[in-house]
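Take a look at the structure set out below.
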Amino acid sequence: MELVPLVLLSVAVAIVSVAAIRLVRLGATRGADASLAEDPDAALLGRLAERREIIMQLMLSTTLDFEMGKITADDRDKTLERLKREGVAVAKRMQSLAGTDDDLAAVDRDLNTATADADAPETWSPVALARHGGAARSTAEAS
């Protein structure tokens, strides 16, 4: 029985440590992301996904704090309710950034076109063949 609070405490510390590491990484990568010509919606979607993970970790940590007797049932309920509301808001925002069916169909068309282009046989100009050793290559392909 004496090990249960110690185990719960170590799990809580591990969860908080993981959250802190992710927050540090998030802060370190934000500067790098800002310098890249990146789709702002994709960057926001990534930050929202990280926030969703942190909210889930905080909910677990709150439950463990209650089980260890660190907080009252009322505090646990209020905190969990606030975190659930925030989680729903994050999920709705993520869903709004996911795109419509038309967007997804356009991406599928682009991917199919790119795949078809990649599967097409290579054609080299005579100059390119001579410059890049294509003569040896074209004879090897003919055999």
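Scheme for the structure tokens: letters A, B, ... for chains in order shown; per-chain residue numbers from 1; ligand numbers from 1 in order shown.
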- [ ] For A:Ala89, work out the shell of residues within 12 Å, counting only C-alpha atoms and skipping chain neighbours fewer than 4 positions away, then give it as a PyMOL selection string.
- [x] chain A and resi 48-49+51-52+55+82-85+93-96
Open item on the list: As an exercise, work out the distance from atom CA of A:Asp108 to atom CA of A:Leu45 in Å and give it to one decimal place.
Closed with: 20.1 Å
- [ ] Measure the distance from atom CA of A:Lys70 to atom CA of A:Leu23 in Å and round it to one decimal.
- [x] 24.2 Å
Open item on the list: as a ChimeraX atom specification, please: every residue in stretch 36-69 of chain A that DSSP puts in helix (DSSP H, G or I).
Closed with: /A:40-67
